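Trainee: Below you will find the structure I want to go over with you.
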Amino acid sequence: MQRIEPDRPTGPASSEPDWAVRVVHGAPALIAYIDRELRIRFANAAHQSWLGVDPAQLHGRHVAEVLDEASLQRTGPCLEEALRGHPSVYEGEMFAGQSRCYVHGSFQPDYDADGGVCGIFIVLIDITERHALETRLRESEQRFFGAFQHAAIGMGLVAPDGRLLRVNAALCQMLGYREPELLQLNIRDITHPDDVAKSFELATELMEGKRDSYQLEKRYFHRDGHVVHVLLTVSLVRAPDGTPFHAVAQIQDISQRKAYEEALFRERELAEVTLRSIGDAVITTDLQLRVTSLNPIAEAMTGWSHAEALSRSIEDVFRLLDGDNDELLRNPLREAIGRDTIVELRGNAMLVHRNGFRTPIEDSAASIHDHAGNVIGGVLVFHDVSATRALVLKMAHMAQHDTLTGLPNRHLLQARLAQVIAAARRRHGRAALIFINLDHFKHVNDSLGHQTGDQLLRLFAAHLRGLLGGDHIVSRTAGDEFMVVLPHVDSSADAAKTCELLMRRWHEHPPHELAELALSFSAGISLYPDDADDAEALIRHADTAMYEAKMQGRNSYRLFTAAMTERPAAQMRIERDLRTAMRRGDLQLHYQPKVDALTGVVVGAEALLRWQVDGHDVYRPDQFVPVAEESGLIGPLGRWALQQACQQAAVWHRSGRSVSIAVNVAPPQFLQPGFHDALRDMLRESDLPPGMIELELTERMVMSGGDHSRALMQQLKELGVSLALDDFGTGYSSLSYLKHFPIDVLKIPRAFVRDVATDTDSAAIADAIITMAQSLEMSVVAEGVETPEQADYLRQAGCRLLQGFLYGAPMPAVEFERLLVSA
């Protein structure tokens with residue numbers, strides 16, 4: 001359009017060419033020109049239709065006189081911007097006669113010869129319909145993406161090349177990614193490799209137009225690596241020209257459903273395996289008594305294969321006669337289904353084989369229910385009671401049970417444990433396994449003979465069966481190992497209570513035939529599903545926990561923890577290092593002084609085993625001594641310690657500083673044949689008076705050996721050594737045995753000494769031990785004395801010997817000798 005000068009008249013008198021005027025006035029847009037004072041100098045014919053005013057009447061009028069206030073406020077900034085010489089654009093609501101419309105406006109500055117702004121060209125185009133269409137489209141998109149983003153299932157827009165274009169919150173949560181992370185991935189990046197081919201095949205068919213959509217169960221990888229099972233539904237969106245634009249994917253997490261399906265599959269597999277493996281014949285029917293299944297035993301006893309019997313009437317397959325009169329017997333399954341109860345087959349029932357021969361059987365019939373309790377069929381369970389069948393059953397029983405105790409053996413235990421686990425999994429409950437091992441059972445066999453050992457095993461089996469009735473499963477799996485299955489527990493505390501009951505009753509009421517042995521046992525407990533989800537792992541973890549109880553001193557139980565699986569490796573490392581240390585001479589004895597309670601003079605010492613390099617412990621005694629006992633190293637280690645103590649005591653004796661040396665003796669060392677002779681030889685070789693050596697024994701060691709222990713202790717007394725009972729009161733505490741064993745010294749444990757000055761119960765126990773020792777003419781040593789108050793109380797109570805950190809910690813022989821010199 002040519003430049004229109006201000007004050008140039010409008011209308012037909014204009015000097016512009018006719019075609020230009022017609023174009024301007026006929027344009028479907030409002031065209032105007034205003035000067036710097038914002039007065040209208042030109043207005044095209046569109047003003048007539050927009051404002052209902054003759055454009056000629058607008059000439060010279062101010063825009064404020066023409067525009068309503070709202071429109072002026074909206075376009076005012078554009079006018080100002082154009083007057084400053086900057087083109088501007090306005091898009092928004094504006095007048096259109098009595099109605100409003102949505103316009104797109106262009107404001108272009110007009111320049112004079114000097115380059116100054118002399119006016120503004122204005123072009124306004126009505127875009128109301130376009131704007132309404134865009135608004136509806138935008139609202140539609142907002143509704144779509146609102147539904148997309150907040151959908152309860154995962155949603156995604158996927159490009160033809162597999163790139164993720166958009167994902168919703170549910171999909172991000174399902175796969176563990178933040179949205180920016182997920183949008184960086186291709187759909188193949190998160191797809192399980194085994195599902196890529198099928199997914200690609202269906203996606204290709206979709207892109208090629210061979211299908212409009214597809215549905216697929218597949219697996220994605222979660223961000224943390226675990227598999228997520230999904231049901232994927234994919235539809236394709238195409239561009240107007242028909243080319244693939246993007247795919248809309250709906251992703252539903254079906255992991256829980258797949259887990260249920262897997263559990264149901266395993267349950268069915270277990271049921272089928274059980275039916276196939278049990279010794280009884282089993283036939284199932286529907287509600288109309290048509291056969292639905294036979295297990296192999298039923299096939300053999302009836303002569304009908306599963307395929308042949310399927311859908312036949314039960315009377316065709318399972319024919320019964322009365323063995324006394326050959327009359328046909330009513331099938332018990334009809335009564336069981338009709339009355340919804342269990343029916344036992346009575347009398348001399350004979351099953352007629354398909355080939356005609358008869359087999360005497362025992363039978364049980366029952367109805368089968370669905371999850372709602374409705375009867376949906378029946379089951380027959382029967383077995384051959386002929387002599388041959390009875391012999392087979394007896395052999396099967398022997399193959400699955402321990403011949404000594406009659407308990408299920410390990411093979412049967414594993415099968416039943418698997419069934420218990422399957423049942424617990426089905427009801428989403430817990431089950432527990434207690435792994436039991438008798439303490440020091442080998443010493444019973446070695447010292448008292450295998451006949452006594454067998455008697456002990458039978459008595460212990462009776463003890464377990466007597467306390468654990470109901471649905472508990474008790475098994476002897478090997479040697480002195482027993483297992484107890486608890487099918488229904490709510491927590492580890494329930495299993496622990498059962499174990500505590502077994503231990504308490506065994507100690508309170510030991511078998512009178514072996515009461516003098518007073519044997520204990522150690523146990524480990526594992527739980528399904530907390531610790532393992534299969535029988536083998538449950539047994540392995542319970543065994544690990546039992547071993548932990550052994551390492552912690554026996555006569556106790558432990559609950560399995562994941563950390564325990566690391567300990568066997570540590571124990572093997574300790575055993576390996578211990579063997580090396582014994583060869584290199586890294587082990588040594590330290591000596592803790594014993595003092596006269598009245599004078600404070602050092603009169604003896606306890607030799608304590610230490611494993612040190614450059615004065616620092618490599619392992620503590622409570623770490624390596626249990627390993628030495630379990631590995632069999634305690635024998636040579638104990639002999640070495642006893643020999644070292646004898647030699648050191650002889651050195652001090654010859655130098656005129658005679659003190660009695662107490663040496664701890666481990667049960668395997670004490671009960672080992674030849675212990676008396678070996679000690680006699682050590683005393684002779686070191687030229688040490690036997691009275692300078694004191695052997696410290698434990699209550700459990702003395703009691704477990706029975707008559708053998710008493711005889712050996714008597715031989716040691718005749719040799720001239722002293723015998724001390726360590727930790728008196730913490731074990732069996734049977735006062736009667738003290739007078740039967742030649743004991744010289746009782747040691748009050750540190751557990752009682754610790755609180756003797758502040759706790760009346762501890763004080764009473766210490767007083768009782770001192771009084772009893774005095775009446776039996778025994779010496780008393782209090783160990784663990786750490787404070788003057790403890791020493792004062794024990795001194796006044798009549799204890800003559802004190803030992804503890806108050807008088808000195810265990811120290812090397814050189815330091816102990818300096819202590820003797822300074823005394």
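In the structure tokens, the first chain shown is A, the next is B, and so on; residue numbers restart at 1 for each chain, and ligands run from 1 in the order shown.
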Residues of segment 652-791 of chain A in helix (DSSP H, G or I) according to DSSP, as a count of residues only?
Mentor: 71
Trainee: Please identify the strand (DSSP E or B) residues within segment 129-207 of chain A (assignment by DSSP from backbone atoms) and present them as a list in words.
Mentor: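 Filtering segment 129-207 of chain A down to strand (DSSP E or B) leaves Gly154, Met155, Gly156, Leu157, Val158, Arg163, Leu164, Leu165, Arg166, Val167, Asn186 and Thr191 of chain A.
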Trainee: Atoms to include: N, CA and C atoms. Write the selected residues as a PDB file, in the first residue's frame.
Mentor:
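Ended up saving to selection-v1.pdb:
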```
ATOM      1  N   GLY A 154       0.877 -46.786  34.118  1.00  0.00           N
ATOM      2  CA  GLY A 154       1.951 -46.110  33.403  1.00  0.00           C
ATOM      3  C   GLY A 154       1.533 -45.753  31.987  1.00  0.00           C
ATOM      4  N   MET A 155       1.930 -44.572  31.545  1.00  0.00           N
ATOM      5  CA  MET A 155       1.633 -44.106  30.188  1.00  0.00           C
ATOM      6  C   MET A 155       2.910 -43.557  29.576  1.00  0.00           C
ATOM      7  N   GLY A 156       3.037 -43.731  28.241  1.00  0.00           N
ATOM      8  CA  GLY A 156       4.202 -43.200  27.557  1.00  0.00           C
ATOM      9  C   GLY A 156       3.908 -42.941  26.097  1.00  0.00           C
ATOM     10  N   LEU A 157       4.530 -41.895  25.565  1.00  0.00           N
ATOM     11  CA  LEU A 157       4.502 -41.638  24.134  1.00  0.00           C
ATOM     12  C   LEU A 157       5.860 -42.045  23.577  1.00  0.00           C
ATOM     13  N   VAL A 158       5.846 -42.908  22.555  1.00  0.00           N
ATOM     14  CA  VAL A 158       7.081 -43.500  22.064  1.00  0.00           C
ATOM     15  C   VAL A 158       7.226 -43.168  20.583  1.00  0.00           C
ATOM     16  N   ARG A 163      12.384 -44.083  20.948  1.00  0.00           N
ATOM     17  CA  ARG A 163      12.692 -43.082  21.972  1.00  0.00           C
ATOM     18  C   ARG A 163      11.433 -42.738  22.758  1.00  0.00           C
ATOM     19  N   LEU A 164      11.614 -42.520  24.042  1.00  0.00           N
ATOM     20  CA  LEU A 164      10.503 -42.099  24.892  1.00  0.00           C
ATOM     21  C   LEU A 164      10.339 -40.589  24.763  1.00  0.00           C
ATOM     22  N   LEU A 165       9.159 -40.155  24.312  1.00  0.00           N
ATOM     23  CA  LEU A 165       8.903 -38.724  24.112  1.00  0.00           C
ATOM     24  C   LEU A 165       8.258 -38.091  25.333  1.00  0.00           C
ATOM     25  N   ARG A 166       7.438 -38.857  26.017  1.00  0.00           N
ATOM     26  CA  ARG A 166       6.763 -38.332  27.201  1.00  0.00           C
ATOM     27  C   ARG A 166       6.380 -39.520  28.084  1.00  0.00           C
ATOM     28  N   VAL A 167       6.494 -39.351  29.389  1.00  0.00           N
ATOM     29  CA  VAL A 167       6.131 -40.400  30.339  1.00  0.00           C
ATOM     30  C   VAL A 167       5.358 -39.771  31.478  1.00  0.00           C
ATOM     31  N   ASN A 186      15.965 -45.234  25.464  1.00  0.00           N
ATOM     32  CA  ASN A 186      15.194 -45.880  24.418  1.00  0.00           C
ATOM     33  C   ASN A 186      14.437 -47.035  25.062  1.00  0.00           C
ATOM     34  N   THR A 191      14.086 -52.888  28.382  1.00  0.00           N
ATOM     35  CA  THR A 191      13.398 -54.147  28.091  1.00  0.00           C
ATOM     36  C   THR A 191      14.310 -55.333  28.373  1.00  0.00           C
TER      37      THR A 191
END
```
Trainee: What is the atom CA of Asp68 of chain A-atom CA of Cys101 of chain A distance in Å, reported with one decimal?
Mentor: 13.2 Å
Trainee: Just want the 12 Å neighbourhood of Leu124 of chain A, counted on only C-alpha atoms, with same-chain residues fewer than 6 positions away dropped. Output as JSON, numbers by chain.
Mentor: {"A": [27, 28, 29, 30, 31, 32, 33, 43, 44, 46, 47, 50, 75, 89, 90, 91, 92, 93, 94, 95, 96, 101, 102, 103, 104, 105, 106, 107, 108]}
Trainee: Extract, using only C-alpha atoms, all DNA, RNA and protein residues at most 9 Å from Leu329 of chain A, discarding same-chain residues fewer than 3 positions from it, and format them as a count of residues only.
Mentor: 7
Trainee: Residues near segment 533-543 of chain A, anyone? I mean within 8 Å using only C-alpha atoms, not counting same-chain ones fewer than 3 positions away, as an mmCIF file with N, CA, C and O atoms, in the first residue's frame.
Mentor:
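Ended up saving to result06.cif:
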```cif
data_model
loop_
_atom_site.group_PDB
_atom_site.id
_atom_site.type_symbol
_atom_site.label_atom_id
_atom_site.label_comp_id
_atom_site.auth_asym_id
_atom_site.auth_seq_id
_atom_site.Cartn_x
_atom_site.Cartn_y
_atom_site.Cartn_z
ATOM 1 N N GLN A 414 13.571 -83.140 54.764
ATOM 2 C CA GLN A 414 13.631 -82.139 53.689
ATOM 3 C C GLN A 414 12.329 -82.099 52.901
ATOM 4 O O GLN A 414 11.837 -81.023 52.541
ATOM 5 N N LEU A 417 9.730 -80.496 55.161
ATOM 6 C CA LEU A 417 10.032 -79.074 55.316
ATOM 7 C C LEU A 417 9.623 -78.307 54.067
ATOM 8 O O LEU A 417 9.106 -77.189 54.151
ATOM 9 N N ALA A 418 9.836 -78.909 52.897
ATOM 10 C CA ALA A 418 9.408 -78.262 51.656
ATOM 11 C C ALA A 418 7.889 -78.085 51.637
ATOM 12 O O ALA A 418 7.375 -77.050 51.183
ATOM 13 N N ILE A 421 6.995 -75.226 53.976
ATOM 14 C CA ILE A 421 7.303 -73.935 53.347
ATOM 15 C C ILE A 421 6.243 -73.581 52.315
ATOM 16 O O ILE A 421 5.789 -72.425 52.234
ATOM 17 N N LEU A 433 12.790 -73.433 61.692
ATOM 18 C CA LEU A 433 13.573 -74.668 61.805
ATOM 19 C C LEU A 433 14.579 -74.494 62.935
ATOM 20 O O LEU A 433 15.300 -73.493 62.986
ATOM 21 N N ILE A 434 14.595 -75.469 63.859
ATOM 22 C CA ILE A 434 15.583 -75.481 64.946
ATOM 23 C C ILE A 434 16.576 -76.606 64.661
ATOM 24 O O ILE A 434 16.188 -77.773 64.558
ATOM 25 N N PHE A 435 17.840 -76.255 64.520
ATOM 26 C CA PHE A 435 18.918 -77.213 64.254
ATOM 27 C C PHE A 435 19.641 -77.453 65.584
ATOM 28 O O PHE A 435 20.189 -76.532 66.175
ATOM 29 N N GLY A 524 20.492 -73.750 66.653
ATOM 30 C CA GLY A 524 20.400 -72.588 65.765
ATOM 31 C C GLY A 524 19.005 -72.526 65.166
ATOM 32 O O GLY A 524 18.394 -73.563 64.888
ATOM 33 N N ILE A 525 18.491 -71.318 64.965
ATOM 34 C CA ILE A 525 17.117 -71.132 64.493
ATOM 35 C C ILE A 525 17.135 -70.278 63.221
ATOM 36 O O ILE A 525 17.785 -69.231 63.177
ATOM 37 N N SER A 526 16.407 -70.732 62.207
ATOM 38 C CA SER A 526 16.202 -69.920 61.001
ATOM 39 C C SER A 526 14.714 -69.886 60.687
ATOM 40 O O SER A 526 13.984 -70.820 61.029
ATOM 41 N N LEU A 527 14.268 -68.796 60.034
ATOM 42 C CA LEU A 527 12.847 -68.584 59.766
ATOM 43 C C LEU A 527 12.590 -68.475 58.272
ATOM 44 O O LEU A 527 13.395 -67.914 57.535
ATOM 45 N N TYR A 528 11.450 -69.033 57.855
ATOM 46 C CA TYR A 528 10.934 -68.774 56.516
ATOM 47 C C TYR A 528 9.857 -67.713 56.652
ATOM 48 O O TYR A 528 9.023 -67.784 57.537
ATOM 49 N N PRO A 529 9.791 -66.675 55.802
ATOM 50 C CA PRO A 529 10.704 -66.395 54.679
ATOM 51 C C PRO A 529 11.816 -65.421 55.046
ATOM 52 O O PRO A 529 12.542 -64.977 54.184
ATOM 53 N N ASP A 530 11.921 -65.068 56.344
ATOM 54 C CA ASP A 530 12.860 -64.019 56.759
ATOM 55 C C ASP A 530 14.302 -64.370 56.400
ATOM 56 O O ASP A 530 15.058 -63.504 55.946
ATOM 57 N N MET A 546 23.552 -72.573 64.651
ATOM 58 C CA MET A 546 23.927 -73.536 65.690
ATOM 59 C C MET A 546 25.433 -73.504 65.939
ATOM 60 O O MET A 546 25.901 -73.527 67.083
ATOM 61 N N TYR A 547 26.199 -73.435 64.859
ATOM 62 C CA TYR A 547 27.650 -73.361 65.000
ATOM 63 C C TYR A 547 28.060 -72.103 65.756
ATOM 64 O O TYR A 547 28.995 -72.113 66.555
ATOM 65 N N LEU A 559 19.707 -67.142 66.965
ATOM 66 C CA LEU A 559 18.872 -66.878 65.794
ATOM 67 C C LEU A 559 19.773 -66.493 64.634
ATOM 68 O O LEU A 559 20.736 -65.742 64.817
ATOM 69 N N PHE A 560 19.488 -67.013 63.462
ATOM 70 C CA PHE A 560 20.334 -66.735 62.296
ATOM 71 C C PHE A 560 20.282 -65.257 61.927
ATOM 72 O O PHE A 560 19.222 -64.632 61.965
ATOM 73 N N THR A 565 26.906 -65.612 57.990
ATOM 74 C CA THR A 565 27.457 -66.292 56.816
ATOM 75 C C THR A 565 28.896 -65.885 56.552
ATOM 76 O O THR A 565 29.615 -66.572 55.839
#
```
Trainee: Within 7 Å of His59 of chain A, counting only C-alpha atoms, which residues show up once you throw out same-chain ones fewer than 6 positions away? Write them as a list of chain:residue names, please.
Mentor: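 Using only C-alpha atoms, the neighbours found are A:Ile40, A:Arg41, A:Phe42.
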Trainee: Using only C-alpha atoms for the distances, tell me which of A:Ala169, A:Val618, A:Val484, A:Ala431 is nearest to Asp577 of chain A.
Mentor: A:Val618
Trainee: If we count only C-alpha atoms and set the cut-off at 12 Å, which residues sit around Val613 of chain A, ignoring sequence neighbours fewer than 3 positions away in its own chain? Please answer as number ranges by chain.
Mentor: A: 581, 584-588, 610, 616-619
Trainee: Would you work out the distance separating atom CA of Gln256 of chain A from atom CA of His192 of chain A, expressed in Å to one decimal?
Mentor: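 Separation of atom CA of Gln256 of chain A and atom CA of His192 of chain A: 17.7 Å.
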Trainee: Atom CA of Asn295 of chain A and atom CA of Phe318 of chain A are how many Å apart?
Mentor: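 The value is 13.3 Å.
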Trainee: Which one is closest to Pro636 of chain A: A:Arg579, A:Arg22, A:His653, A:His488? Count only C-alpha atoms.
Mentor: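 Answer, going by the shortest atom-to-atom distance: A:Arg579.
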